[in-house]
Amino acid sequence: MSTKLENIVVKFGGEAGEGLMTAGFIAAKYFQRTGLFVFAENDYPSLIRGGHNTFTVRANTEKIYALDGKVDILIALDKRSVLEHINELSANSVVIFDKKLEGELSQIFTNKNIYPVPVPLTQHSAELGDLIYSNQIAIGSLIGLIGGKLEILSTILKEKFSSKKEEILEKNLAAATFGYDFVKMHFKEPFELPIKEQKKNYYLLDGNDAVCLASIKAGVKLVAEYPMSPSSSILHWMAAHSQDYGIVVKQTEDEIAAINYVLGAAYAGVRAMTATSGGGFSLMTEALGNAGLAEIPCVIVEVQRAGPSTGLPTYTDQADLLFVINASQGEFPRIVCMPGDPAEAFYETFNVWNMAELVQTPAIILLDKYLGESFQTVEIKTDNLVVKRGLLQTDQEMENAKQFLRHKITPSGISPRSIPGQKNGLYVASSYEHDESGYSSEDPLNRVMQIDKRARKLSAINPQLYQPVFFGPATAPLLVVSWGSSKGVILEALKHLNRQNIPIRYMHIKYAIPFATDTVKEALVSASKSIIFEGNSTAQMRSYIRQKTGILIENVCLKYDARPFQVEQVVNEIKKLYQSQ
Amino acid sequence: MVELSQLHEPTHTITWCPGCGNFSILAALKKAIVDCNLEPHNTVIVSGIGCGGKIPHFIKTYGFESLHGRALAAASGIKLANHKLEVIVVGGDGDGYGIGANHFIHASRRNYDMTYIVQNNQIYGLTTGQASPTSEKSMKTKSTPFGVIEQPINPIALALAAGATFIARGFSGDLTHLSNLISQGIKHKGFAFIDVFQPCVIWNHINTFEYFRKKCYKLEQTDYKPNDKFEAFRKAFETDKLPIGVFYQEQRPTYEDELPQLSTSPLVKQPIDNIDIQKTLEKYL
Ligand SMILES: Cc1ncc(C[n+]2csc(CCOP(=O)(O)OP(=O)(O)O)c2C)c(N)n1
């Protein structure tokens, strides 16, 4: 009798360079295709070969937001994977591993309640001509052990390898089929997972791809970027889609060039963006101020890695918040958005493009490795997304313009914007302080007027667009606060707390600038206790909230081991606080 | 037809020192714009920061006065966004060969269709007289009171090595000749680079108008042909006498030419209000 599951966690472990990420992703895709909700995250060091990689997939019949719970099936492509992850296994778990390691590993397995599934991975992949096929044999075995459908897997493989030679596809299919048949023949089926109709508009997306898709939808036309983990997949994605969507994607000589390309292109009238991580953003700071001063709208995606300096390139952190809020000399308005999951990354990226053009200023989208590269089943609908370009003037509008003043002082602070090519709109966009016309000016009165004008612009953004998101009853005495990618883990933790009848109100902050000061303040005042969760060592958002509202959140839970929060930790932390009431 | 008077910016006071080599560069540039019949609204003058970087304010076209050293990067973005625009980049030697040298190398090899004029006064003018990448060895400046130790950069050789497709040198003491070089640069399809000897009357007492008048000779008055890269290198390293004129020119497809995305219309003209991403989204099912 196989156990019927509503939730499963599958972990792939192996050496870097073995195709493990692809294998893990195919498994994630399989669950997605069977109508389940998926979350998947990877863990890999900053090197190309060797070193230990993992890819962990969780699937559930209900919506999930993060990994949670022990591993039900471990697919160990090497011995190290067994040794390293054996303690993460659940009570009745399965380990799929290479049959040739059976002798070495059998002792470990008998000591635990593990169902070992040795499969001739190396032997049979060698017969197929390449060890890389081990991955597909392992996935075939996985599908076999959960009562899965080989046809669904075959379809995914066909899509995946459609651009490759026929022979490669054939061998991948043969490998998967072999694994599937092998376990069917030699092992009982330990688990059974439901297979459901796939839901409409639900996609398996990571944060970086979500930003790309939304930017394409928003009409980005120029992407200039210098590679830097964990932002590089944005460069790769954009480059791969550049001809389909008619956008120019330029890998520049450095990040300084990238941001200045963006400024030039945006000045010339297109939507332009760059993406980087903290190190590259550091190099962009001077130009960020130029965009603010010259009122050039643009989007900068900062995918945080663990810093400082080169730091931990492939690991996550939330320690650049105050940096992006304050980066660059002088004072100017900017937008800082911290989406919490791929769906928010999609919708907020789209919104941010409109906001940036509305207020003619730079916008920063702050992601991190965990959000940028973790996959989640999310609902995406594009029907109601409308591109709004603010006061960008059409050629027609400029036809009769007289004495055009690019930086005209207006009640909202926003001035009509001409672009090169338009008659009657000539002006100089400058990195110097300037008067209404754009001409350099050191006049003290003008200086104050221009500073105030620029600062005023943020008020033009509809406050509904940057409110925090609340979960749980508004009357709950305990308020949990977080920002950015911690959202998913906290939502999973709330499920546990809910089951234990511990009422929690949760506030997820999506925008640092503009900041919903009143709402945040009110939420903090009405809670009898509050706690903030942050992926940094100095509680940056807590300082920022105090600066904005005057209120100090008394409890903090900080994680700065360069790994995302774990559900268990969050649950325990909140319970501790709840019980201390 | 554009007229010179149309380019005049009457309200902006020119802030250069009397006798500055930049006056004739400004005049030469204006004349080239008229000679090439460029429309002011379809022309963007991009500069960096330095004395000469103020030039966009003194000509009535579109302008972008970017950060110190970043003119070429900003100009590249402008060109990619709207390749129908005429893009002319102007900046000092500190701007282009010091802080912005990396962009100079890469813009050259990419062969964007733009013109880059360097006001090379072999000194940092705006910051009151420090050594520049082209200051001569042993030259005493505020930052090198005991003399410059390192070798100066050779801009012509650098541009040749980096792959610029039009490489010339002018002298701001010869306006007509300079203006003609700029016109040729504008008409050249590809990255046109013009290094200009621009005496700084305040901070550089070595490389003066007098100095250049004695040393310069015109390449076109010799039997030199600017079509051989190796010959051009040889010319670039002549120091007893200083050649001005076109060192090298070749035809090579521009970066923009190679982009199918730009074949129908400039990016800025492509509509963005209703882009359908459904097909791509479906890959995520
Ligand atoms: C990032 C940065 N560093 C330094 C400066 C100060 N600065 C302004 S112009 C300049 C050099 C000017 O020399 P050059 O480019 O040769 O132009 P010139 O003034 O001689 O025309 C410097 C160092 C600056 N504006 N920005």
# chains A, B, ... in the order shown; residues from 1 in each chain; ligands from 1
call {"tool": "residues_near_ligand", "arguments": {"ligand": "ligand 1", "cutoff": "8 Å", "atoms": "only C-alpha atoms and all ligand atoms", "output": "JSON, numbers by chain"}}
result
{"A": [286], "B": [48, 49, 50, 51, 52, 53, 67, 68, 69, 91, 92, 93, 94, 95, 96, 98, 99, 119, 120, 121, 122, 123, 124, 125, 126, 127, 128, 132, 200]}
call {"tool": "write_last_selection", "arguments": {"atoms": "C-alpha atoms", "output": "PDB file, in the first residue's frame"}}
result
ATOM      1  CA  GLU A 286      26.997  58.390  -9.168  1.00  0.00           C
TER       2      GLU A 286
ATOM      3  CA  GLY B  48      31.380  64.923 -19.993  1.00  0.00           C
ATOM      4  CA  ILE B  49      32.588  67.256 -17.258  1.00  0.00           C
ATOM      5  CA  GLY B  50      35.493  69.639 -17.710  1.00  0.00           C
ATOM      6  CA  CYS B  51      35.947  73.106 -19.174  1.00  0.00           C
ATOM      7  CA  GLY B  52      35.121  71.864 -22.632  1.00  0.00           C
ATOM      8  CA  GLY B  53      32.241  69.768 -21.358  1.00  0.00           C
ATOM      9  CA  LEU B  67      28.988  62.788 -15.579  1.00  0.00           C
ATOM     10  CA  HIS B  68      32.745  63.175 -15.692  1.00  0.00           C
ATOM     11  CA  GLY B  69      34.043  60.468 -18.020  1.00  0.00           C
ATOM     12  CA  GLY B  91      34.987  66.083 -23.759  1.00  0.00           C
ATOM     13  CA  GLY B  92      38.406  66.756 -22.282  1.00  0.00           C
ATOM     14  CA  ASP B  93      41.461  64.541 -22.194  1.00  0.00           C
ATOM     15  CA  GLY B  94      40.965  63.795 -18.517  1.00  0.00           C
ATOM     16  CA  ASP B  95      37.373  62.943 -19.243  1.00  0.00           C
ATOM     17  CA  GLY B  96      38.068  60.658 -22.194  1.00  0.00           C
ATOM     18  CA  GLY B  98      41.542  59.153 -17.831  1.00  0.00           C
ATOM     19  CA  ILE B  99      38.319  58.459 -16.013  1.00  0.00           C
ATOM     20  CA  GLN B 119      39.564  68.725 -26.369  1.00  0.00           C
ATOM     21  CA  ASN B 120      43.066  67.642 -25.526  1.00  0.00           C
ATOM     22  CA  ASN B 121      44.805  70.372 -23.529  1.00  0.00           C
ATOM     23  CA  GLN B 122      47.127  67.919 -21.793  1.00  0.00           C
ATOM     24  CA  ILE B 123      46.033  69.234 -18.405  1.00  0.00           C
ATOM     25  CA  TYR B 124      43.022  69.210 -16.080  1.00  0.00           C
ATOM     26  CA  GLY B 125      41.619  72.669 -16.666  1.00  0.00           C
ATOM     27  CA  LEU B 126      38.414  72.882 -14.664  1.00  0.00           C
ATOM     28  CA  THR B 127      40.004  71.461 -11.548  1.00  0.00           C
ATOM     29  CA  THR B 128      42.774  74.055 -11.827  1.00  0.00           C
ATOM     30  CA  SER B 132      46.274  64.643 -17.285  1.00  0.00           C
ATOM     31  CA  CYS B 200      45.050  75.841 -22.221  1.00  0.00           C
TER      32      CYS B 200
END
call {"tool": "residues_around", "arguments": {"residues": "region 172-180 of chain B", "least_positions_apart": "4", "cutoff": "10 Å", "atoms": "only C-alpha atoms", "output": "JSON list (two decimals) with all heavy atoms, in the first residue's frame"}}
result
[["chain", "number", "residue", "atom", "x", "y", "z"],
["B", 20, "CYS", "N", 41.20, 80.85, -24.76],
["B", 20, "CYS", "CA", 41.08, 79.39, -24.61],
["B", 20, "CYS", "C", 40.88, 78.73, -25.97],
["B", 20, "CYS", "O", 40.14, 79.23, -26.82],
["B", 20, "CYS", "CB", 39.89, 79.07, -23.70],
["B", 20, "CYS", "SG", 39.56, 77.29, -23.57],
["B", 21, "GLY", "N", 41.54, 77.59, -26.13],
["B", 21, "GLY", "CA", 41.42, 76.86, -27.38],
["B", 21, "GLY", "C", 40.03, 76.33, -27.65],
["B", 21, "GLY", "O", 39.70, 75.93, -28.78],
["B", 22, "ASN", "N", 39.17, 76.36, -26.63],
["B", 22, "ASN", "CA", 37.82, 75.83, -26.82],
["B", 22, "ASN", "C", 36.95, 76.70, -27.71],
["B", 22, "ASN", "O", 36.02, 76.21, -28.33],
["B", 22, "ASN", "CB", 37.13, 75.64, -25.46],
["B", 22, "ASN", "CG", 37.43, 74.27, -24.88],
["B", 22, "ASN", "OD1", 37.52, 73.29, -25.61],
["B", 22, "ASN", "ND2", 37.61, 74.23, -23.57],
["B", 23, "PHE", "N", 37.27, 78.02, -27.78],
["B", 23, "PHE", "CA", 36.43, 78.91, -28.60],
["B", 23, "PHE", "C", 36.42, 78.46, -30.05],
["B", 23, "PHE", "O", 35.38, 78.40, -30.70],
["B", 23, "PHE", "CB", 36.93, 80.35, -28.51],
["B", 23, "PHE", "CG", 36.58, 81.02, -27.21],
["B", 23, "PHE", "CD1", 37.50, 81.12, -26.18],
["B", 23, "PHE", "CD2", 35.30, 81.54, -27.01],
["B", 23, "PHE", "CE1", 37.18, 81.72, -24.97],
["B", 23, "PHE", "CE2", 34.97, 82.15, -25.80],
["B", 23, "PHE", "CZ", 35.91, 82.24, -24.78],
["B", 24, "SER", "N", 37.62, 78.14, -30.54],
["B", 24, "SER", "CA", 37.62, 77.76, -31.96],
["B", 24, "SER", "C", 37.07, 76.35, -32.16],
["B", 24, "SER", "O", 36.55, 76.05, -33.23],
["B", 24, "SER", "CB", 39.01, 77.92, -32.58],
["B", 24, "SER", "OG", 39.97, 77.33, -31.76],
["B", 25, "ILE", "N", 37.15, 75.51, -31.14],
["B", 25, "ILE", "CA", 36.52, 74.19, -31.28],
["B", 25, "ILE", "C", 35.00, 74.37, -31.39],
["B", 25, "ILE", "O", 34.34, 73.75, -32.23],
["B", 25, "ILE", "CB", 36.89, 73.26, -30.10],
["B", 25, "ILE", "CG1", 38.40, 72.99, -30.11],
["B", 25, "ILE", "CG2", 36.09, 71.95, -30.16],
["B", 25, "ILE", "CD1", 38.89, 72.07, -29.01],
["B", 26, "LEU", "N", 34.47, 75.25, -30.56],
["B", 26, "LEU", "CA", 33.03, 75.55, -30.62],
["B", 26, "LEU", "C", 32.66, 76.09, -32.00],
["B", 26, "LEU", "O", 31.70, 75.62, -32.62],
["B", 26, "LEU", "CB", 32.67, 76.56, -29.52],
["B", 26, "LEU", "CG", 31.24, 77.11, -29.55],
["B", 26, "LEU", "CD1", 30.21, 76.00, -29.36],
["B", 26, "LEU", "CD2", 31.05, 78.18, -28.45],
["B", 27, "ALA", "N", 33.46, 77.02, -32.47],
["B", 27, "ALA", "CA", 33.16, 77.62, -33.78],
["B", 27, "ALA", "C", 33.27, 76.57, -34.88],
["B", 27, "ALA", "O", 32.43, 76.51, -35.79],
["B", 27, "ALA", "CB", 34.12, 78.78, -34.04],
["B", 28, "ALA", "N", 34.29, 75.73, -34.78],
["B", 28, "ALA", "CA", 34.50, 74.69, -35.81],
["B", 28, "ALA", "C", 33.34, 73.70, -35.80],
["B", 28, "ALA", "O", 32.87, 73.25, -36.85],
["B", 28, "ALA", "CB", 35.82, 73.97, -35.55],
["B", 29, "LEU", "N", 32.88, 73.37, -34.61],
["B", 29, "LEU", "CA", 31.78, 72.41, -34.49],
["B", 29, "LEU", "C", 30.50, 73.01, -35.09],
["B", 29, "LEU", "O", 29.78, 72.34, -35.86],
["B", 29, "LEU", "CB", 31.58, 72.03, -33.02],
["B", 29, "LEU", "CG", 30.39, 71.11, -32.70],
["B", 29, "LEU", "CD1", 30.47, 69.81, -33.49],
["B", 29, "LEU", "CD2", 30.35, 70.78, -31.21],
["B", 30, "LYS", "N", 30.23, 74.25, -34.75],
["B", 30, "LYS", "CA", 29.04, 74.90, -35.30],
["B", 30, "LYS", "C", 29.10, 74.94, -36.83],
["B", 30, "LYS", "O", 28.12, 74.64, -37.52],
["B", 30, "LYS", "CB", 28.94, 76.34, -34.79],
["B", 30, "LYS", "CG", 28.35, 76.47, -33.39],
["B", 30, "LYS", "CD", 28.16, 77.94, -33.11],
["B", 30, "LYS", "CE", 27.56, 78.23, -31.77],
["B", 30, "LYS", "NZ", 27.56, 79.67, -31.49],
["B", 31, "LYS", "N", 30.27, 75.29, -37.33],
["B", 31, "LYS", "CA", 30.41, 75.37, -38.78],
["B", 31, "LYS", "C", 30.20, 73.99, -39.40],
["B", 31, "LYS", "O", 29.52, 73.86, -40.43],
["B", 31, "LYS", "CB", 31.81, 75.91, -39.13],
["B", 31, "LYS", "CG", 32.08, 76.04, -40.61],
["B", 31, "LYS", "CD", 33.34, 76.86, -40.84],
["B", 31, "LYS", "CE", 33.95, 76.70, -42.22],
["B", 31, "LYS", "NZ", 33.16, 76.18, -43.31],
["B", 32, "ALA", "N", 30.72, 72.95, -38.77],
["B", 32, "ALA", "CA", 30.56, 71.59, -39.31],
["B", 32, "ALA", "C", 29.08, 71.21, -39.31],
["B", 32, "ALA", "O", 28.60, 70.58, -40.25],
["B", 32, "ALA", "CB", 31.37, 70.60, -38.48],
["B", 33, "ILE", "N", 28.37, 71.60, -38.25],
["B", 33, "ILE", "CA", 26.94, 71.28, -38.19],
["B", 33, "ILE", "C", 26.20, 71.94, -39.35],
["B", 33, "ILE", "O", 25.35, 71.34, -40.01],
["B", 33, "ILE", "CB", 26.35, 71.69, -36.82],
["B", 33, "ILE", "CG1", 26.89, 70.77, -35.72],
["B", 33, "ILE", "CG2", 24.82, 71.67, -36.83],
["B", 33, "ILE", "CD1", 26.50, 71.16, -34.31],
["B", 35, "ASP", "N", 27.66, 72.99, -42.19],
["B", 35, "ASP", "CA", 28.16, 72.40, -43.45],
["B", 35, "ASP", "C", 27.52, 71.04, -43.71],
["B", 35, "ASP", "O", 27.26, 70.69, -44.86],
["B", 35, "ASP", "CB", 29.68, 72.26, -43.41],
["B", 35, "ASP", "CG", 30.38, 73.62, -43.47],
["B", 35, "ASP", "OD1", 29.67, 74.62, -43.76],
["B", 35, "ASP", "OD2", 31.59, 73.69, -43.21],
["B", 119, "GLN", "N", 38.86, 67.45, -26.54],
["B", 119, "GLN", "CA", 39.56, 68.72, -26.37],
["B", 119, "GLN", "C", 40.78, 68.41, -25.52],
["B", 119, "GLN", "O", 40.74, 68.43, -24.30],
["B", 119, "GLN", "CB", 38.65, 69.72, -25.64],
["B", 119, "GLN", "CG", 37.32, 69.93, -26.36],
["B", 119, "GLN", "CD", 36.17, 70.05, -25.37],
["B", 119, "GLN", "OE1", 36.04, 69.26, -24.44],
["B", 119, "GLN", "NE2", 35.30, 71.04, -25.57],
["B", 120, "ASN", "N", 41.88, 68.16, -26.21],
["B", 120, "ASN", "CA", 43.07, 67.64, -25.53],
["B", 120, "ASN", "C", 44.03, 68.78, -25.18],
["B", 120, "ASN", "O", 44.84, 69.18, -26.00],
["B", 120, "ASN", "CB", 43.72, 66.59, -26.44],
["B", 120, "ASN", "CG", 44.93, 65.96, -25.81],
["B", 120, "ASN", "OD1", 45.29, 66.28, -24.67],
["B", 120, "ASN", "ND2", 45.58, 65.08, -26.55],
["B", 168, "ALA", "N", 41.37, 60.93, -36.46],
["B", 168, "ALA", "CA", 41.99, 62.15, -36.95],
["B", 168, "ALA", "C", 42.49, 62.99, -35.80],
["B", 168, "ALA", "O", 42.15, 62.77, -34.64],
["B", 168, "ALA", "CB", 40.97, 62.94, -37.77],
["B", 184, "GLN", "N", 34.04, 65.72, -41.78],
["B", 184, "GLN", "CA", 34.36, 64.38, -42.27],
["B", 184, "GLN", "C", 33.94, 63.32, -41.25],
["B", 184, "GLN", "O", 33.44, 62.26, -41.59],
["B", 184, "GLN", "CB", 35.86, 64.25, -42.55],
["B", 184, "GLN", "CG", 36.34, 64.99, -43.76],
["B", 184, "GLN", "CD", 37.82, 64.67, -44.00],
["B", 184, "GLN", "OE1", 38.19, 63.51, -44.18],
["B", 184, "GLN", "NE2", 38.65, 65.70, -43.99],
["B", 185, "GLY", "N", 34.21, 63.64, -40.00],
["B", 185, "GLY", "CA", 33.85, 62.71, -38.92],
["B", 185, "GLY", "C", 32.35, 62.49, -38.88],
["B", 185, "GLY", "O", 31.86, 61.37, -38.72],
["B", 186, "ILE", "N", 31.58, 63.56, -39.00],
["B", 186, "ILE", "CA", 30.12, 63.46, -38.96],
["B", 186, "ILE", "C", 29.63, 62.61, -40.14],
["B", 186, "ILE", "O", 28.76, 61.76, -40.00],
["B", 186, "ILE", "CB", 29.47, 64.86, -38.98],
["B", 186, "ILE", "CG1", 29.72, 65.57, -37.64],
["B", 186, "ILE", "CG2", 27.97, 64.78, -39.28],
["B", 186, "ILE", "CD1", 29.31, 67.03, -37.59],
["B", 194, "ILE", "N", 38.20, 62.31, -33.14],
["B", 194, "ILE", "CA", 39.07, 63.44, -33.49],
["B", 194, "ILE", "C", 39.72, 63.99, -32.22],
["B", 194, "ILE", "O", 39.03, 64.53, -31.34],
["B", 194, "ILE", "CB", 38.27, 64.56, -34.21],
["B", 194, "ILE", "CG1", 37.57, 63.98, -35.44],
["B", 194, "ILE", "CG2", 39.20, 65.71, -34.58],
["B", 194, "ILE", "CD1", 36.37, 64.78, -35.88],
["B", 196, "VAL", "N", 41.89, 66.74, -30.52],
["B", 196, "VAL", "CA", 42.18, 68.13, -30.91],
["B", 196, "VAL", "C", 43.19, 68.75, -29.94],
["B", 196, "VAL", "O", 42.95, 68.80, -28.72],
["B", 196, "VAL", "CB", 40.89, 68.99, -30.91],
["B", 196, "VAL", "CG1", 41.19, 70.40, -31.40],
["B", 196, "VAL", "CG2", 39.82, 68.34, -31.78],
["B", 197, "PHE", "N", 44.30, 69.22, -30.47],
["B", 197, "PHE", "CA", 45.24, 70.00, -29.66],
["B", 197, "PHE", "C", 44.54, 71.30, -29.28],
["B", 197, "PHE", "O", 44.18, 72.09, -30.15],
["B", 197, "PHE", "CB", 46.51, 70.32, -30.45],
["B", 197, "PHE", "CG", 47.38, 69.12, -30.73],
["B", 197, "PHE", "CD1", 47.99, 68.97, -31.98],
["B", 197, "PHE", "CD2", 47.62, 68.15, -29.76],
["B", 197, "PHE", "CE1", 48.80, 67.89, -32.25],
["B", 197, "PHE", "CE2", 48.44, 67.05, -30.02],
["B", 197, "PHE", "CZ", 49.03, 66.92, -31.27],
["B", 198, "GLN", "N", 44.36, 71.49, -27.99],
["B", 198, "GLN", "CA", 43.58, 72.64, -27.54],
["B", 198, "GLN", "C", 44.36, 73.34, -26.44],
["B", 198, "GLN", "O", 44.25, 73.01, -25.27],
["B", 198, "GLN", "CB", 42.22, 72.14, -27.00],
["B", 198, "GLN", "CG", 41.32, 73.19, -26.41],
["B", 198, "GLN", "CD", 41.06, 72.96, -24.92],
["B", 198, "GLN", "OE1", 40.93, 71.82, -24.47],
["B", 198, "GLN", "NE2", 40.99, 74.03, -24.15],
["B", 199, "PRO", "N", 45.20, 74.29, -26.79],
["B", 199, "PRO", "CA", 46.02, 74.93, -25.77],
["B", 199, "PRO", "C", 45.20, 75.52, -24.62],
["B", 199, "PRO", "O", 44.18, 76.16, -24.84],
["B", 199, "PRO", "CB", 46.72, 76.05, -26.55],
["B", 199, "PRO", "CG", 46.75, 75.55, -27.95],
["B", 199, "PRO", "CD", 45.47, 74.79, -28.13],
["B", 208, "THR", "N", 51.57, 75.28, -26.03],
["B", 208, "THR", "CA", 50.88, 76.54, -26.33],
["B", 208, "THR", "C", 50.52, 76.62, -27.82],
["B", 208, "THR", "O", 50.94, 75.76, -28.61],
["B", 208, "THR", "CB", 51.80, 77.72, -26.01],
["B", 208, "THR", "OG1", 52.98, 77.56, -26.81],
["B", 208, "THR", "CG2", 52.19, 77.74, -24.53],
["B", 209, "PHE", "N", 49.78, 77.65, -28.20],
["B", 209, "PHE", "CA", 49.49, 77.88, -29.62],
["B", 209, "PHE", "C", 50.79, 77.94, -30.41],
["B", 209, "PHE", "O", 50.92, 77.34, -31.48],
["B", 209, "PHE", "CB", 48.68, 79.18, -29.80],
["B", 209, "PHE", "CG", 47.21, 79.00, -29.55],
["B", 209, "PHE", "CD1", 46.62, 79.44, -28.38],
["B", 209, "PHE", "CD2", 46.40, 78.38, -30.50],
["B", 209, "PHE", "CE1", 45.26, 79.28, -28.15],
["B", 209, "PHE", "CE2", 45.03, 78.21, -30.29],
["B", 209, "PHE", "CZ", 44.48, 78.67, -29.11],
["B", 210, "GLU", "N", 51.76, 78.69, -29.87],
["B", 210, "GLU", "CA", 53.06, 78.84, -30.51],
["B", 210, "GLU", "C", 53.71, 77.49, -30.77],
["B", 210, "GLU", "O", 54.17, 77.18, -31.87],
["B", 210, "GLU", "CB", 53.98, 79.66, -29.58],
["B", 210, "GLU", "CG", 54.15, 81.10, -29.97],
["B", 210, "GLU", "CD", 54.26, 81.29, -31.47],
["B", 210, "GLU", "OE1", 55.32, 80.95, -32.06],
["B", 210, "GLU", "OE2", 53.25, 81.74, -32.06],
["B", 212, "PHE", "N", 52.38, 74.54, -30.97],
["B", 212, "PHE", "CA", 51.73, 73.71, -32.01],
["B", 212, "PHE", "C", 51.93, 74.30, -33.40],
["B", 212, "PHE", "O", 52.08, 73.59, -34.37],
["B", 212, "PHE", "CB", 50.25, 73.53, -31.69],
["B", 212, "PHE", "CG", 50.01, 72.61, -30.53],
["B", 212, "PHE", "CD1", 49.44, 73.08, -29.36],
["B", 212, "PHE", "CD2", 50.38, 71.27, -30.59],
["B", 212, "PHE", "CE1", 49.23, 72.23, -28.27],
["B", 212, "PHE", "CE2", 50.17, 70.41, -29.51],
["B", 212, "PHE", "CZ", 49.60, 70.89, -28.34],
["B", 213, "ARG", "N", 51.91, 75.65, -33.47],
["B", 213, "ARG", "CA", 52.11, 76.26, -34.80],
["B", 213, "ARG", "C", 53.44, 75.84, -35.38],
["B", 213, "ARG", "O", 53.55, 75.59, -36.57],
["B", 213, "ARG", "CB", 52.02, 77.79, -34.69],
["B", 213, "ARG", "CG", 50.58, 78.24, -34.70],
["B", 213, "ARG", "CD", 50.34, 79.64, -35.19],
["B", 213, "ARG", "NE", 48.93, 79.91, -34.93],
["B", 213, "ARG", "CZ", 48.49, 80.51, -33.82],
["B", 213, "ARG", "NH1", 49.34, 81.00, -32.94],
["B", 213, "ARG", "NH2", 47.20, 80.65, -33.63],
["B", 218, "LYS", "N", 50.29, 69.19, -41.96],
["B", 218, "LYS", "CA", 49.06, 68.54, -42.39],
["B", 218, "LYS", "C", 49.33, 67.30, -43.21],
["B", 218, "LYS", "O", 50.05, 67.35, -44.21],
["B", 218, "LYS", "CB", 48.21, 69.53, -43.19],
["B", 218, "LYS", "CG", 47.67, 70.63, -42.30],
["B", 218, "LYS", "CD", 46.86, 71.65, -43.05],
["B", 218, "LYS", "CE", 46.40, 72.70, -42.06],
["B", 218, "LYS", "NZ", 46.25, 74.03, -42.67],
["B", 244, "ILE", "N", 48.75, 66.51, -38.26],
["B", 244, "ILE", "CA", 47.31, 66.67, -38.05],
["B", 244, "ILE", "C", 46.59, 66.29, -39.35],
["B", 244, "ILE", "O", 47.21, 66.30, -40.41],
["B", 244, "ILE", "CB", 46.90, 68.09, -37.58],
["B", 244, "ILE", "CG1", 47.36, 69.17, -38.56],
["B", 244, "ILE", "CG2", 47.44, 68.38, -36.18],
["B", 244, "ILE", "CD1", 46.86, 70.58, -38.21],
["B", 245, "GLY", "N", 45.32, 65.95, -39.22],
["B", 245, "GLY", "CA", 44.58, 65.46, -40.39],
["B", 245, "GLY", "C", 44.06, 64.06, -40.11],
["B", 245, "GLY", "O", 44.00, 63.64, -38.95]]
call {"tool": "interface_residues", "arguments": {"of": "chain A", "to": "chain B", "cutoff": "7 Å", "atoms": "only C-alpha atoms", "output": "number ranges by chain"}}
result
A: 202-205, 217, 219, 221, 243, 246-248, 253, 257, 260-265, 268-270, 387, 420-423, 426-431, 439
call {"tool": "closest_residue", "arguments": {"among": "A:Ile168, A:Leu465, A:Ala319, A:Val303", "to": "Leu558 (chain A)", "atoms": "only C-alpha atoms"}}
result
A:Ala319
call {"tool": "select_by_dssp", "arguments": {"residues": "region 526-581 of chain A", "states": "strand (DSSP E or B)", "output": "ChimeraX atom specification"}}
result
/A:529-534,555-558
call {"tool": "residues_around", "arguments": {"residues": "Gly163 (chain B)", "least_positions_apart": "2", "cutoff": "6 Å", "atoms": "only C-alpha atoms", "output": "list in words"}}
result
Ser108, Arg109, Leu160 and Ala161 of chain B
call {"tool": "residues_around", "arguments": {"residues": "Ala91 (chain A)", "least_positions_apart": "5", "cutoff": "10 Å", "atoms": "only C-alpha atoms", "output": "number ranges by chain"}}
result
A: 70-72, 112-114
call {"tool": "select_by_dssp", "arguments": {"residues": "region 63-264 of chain A", "states": "helix (DSSP H, G or I)", "output": "MDAnalysis selection string"}}
result
chainID A and resid 79:88 99:110 121:128 131:145 150:160 166:186 207:217 232:245 255:264
call {"tool": "residues_around", "arguments": {"residues": "region 466-468 of chain A", "least_positions_apart": "3", "cutoff": "9 Å", "atoms": "only C-alpha atoms", "output": "ChimeraX atom specification"}}
result
/A:337,461-463,507-516,519-520
call {"tool": "closest_residue", "arguments": {"among": "B:Glu9, B:Asp257, B:Gln130, B:Val87", "to": "Thr144 (chain B)", "atoms": "only C-alpha atoms"}}
result
B:Gln130
call {"tool": "residues_around", "arguments": {"residues": "Met284 (chain A)", "least_positions_apart": "5", "cutoff": "12 Å", "atoms": "only C-alpha atoms", "output": "number ranges by chain"}}
result
A: 225-226, 254-263, 274-279, 289-291, 300-302, 324, 327-329, 362, 364; B: 67, 70
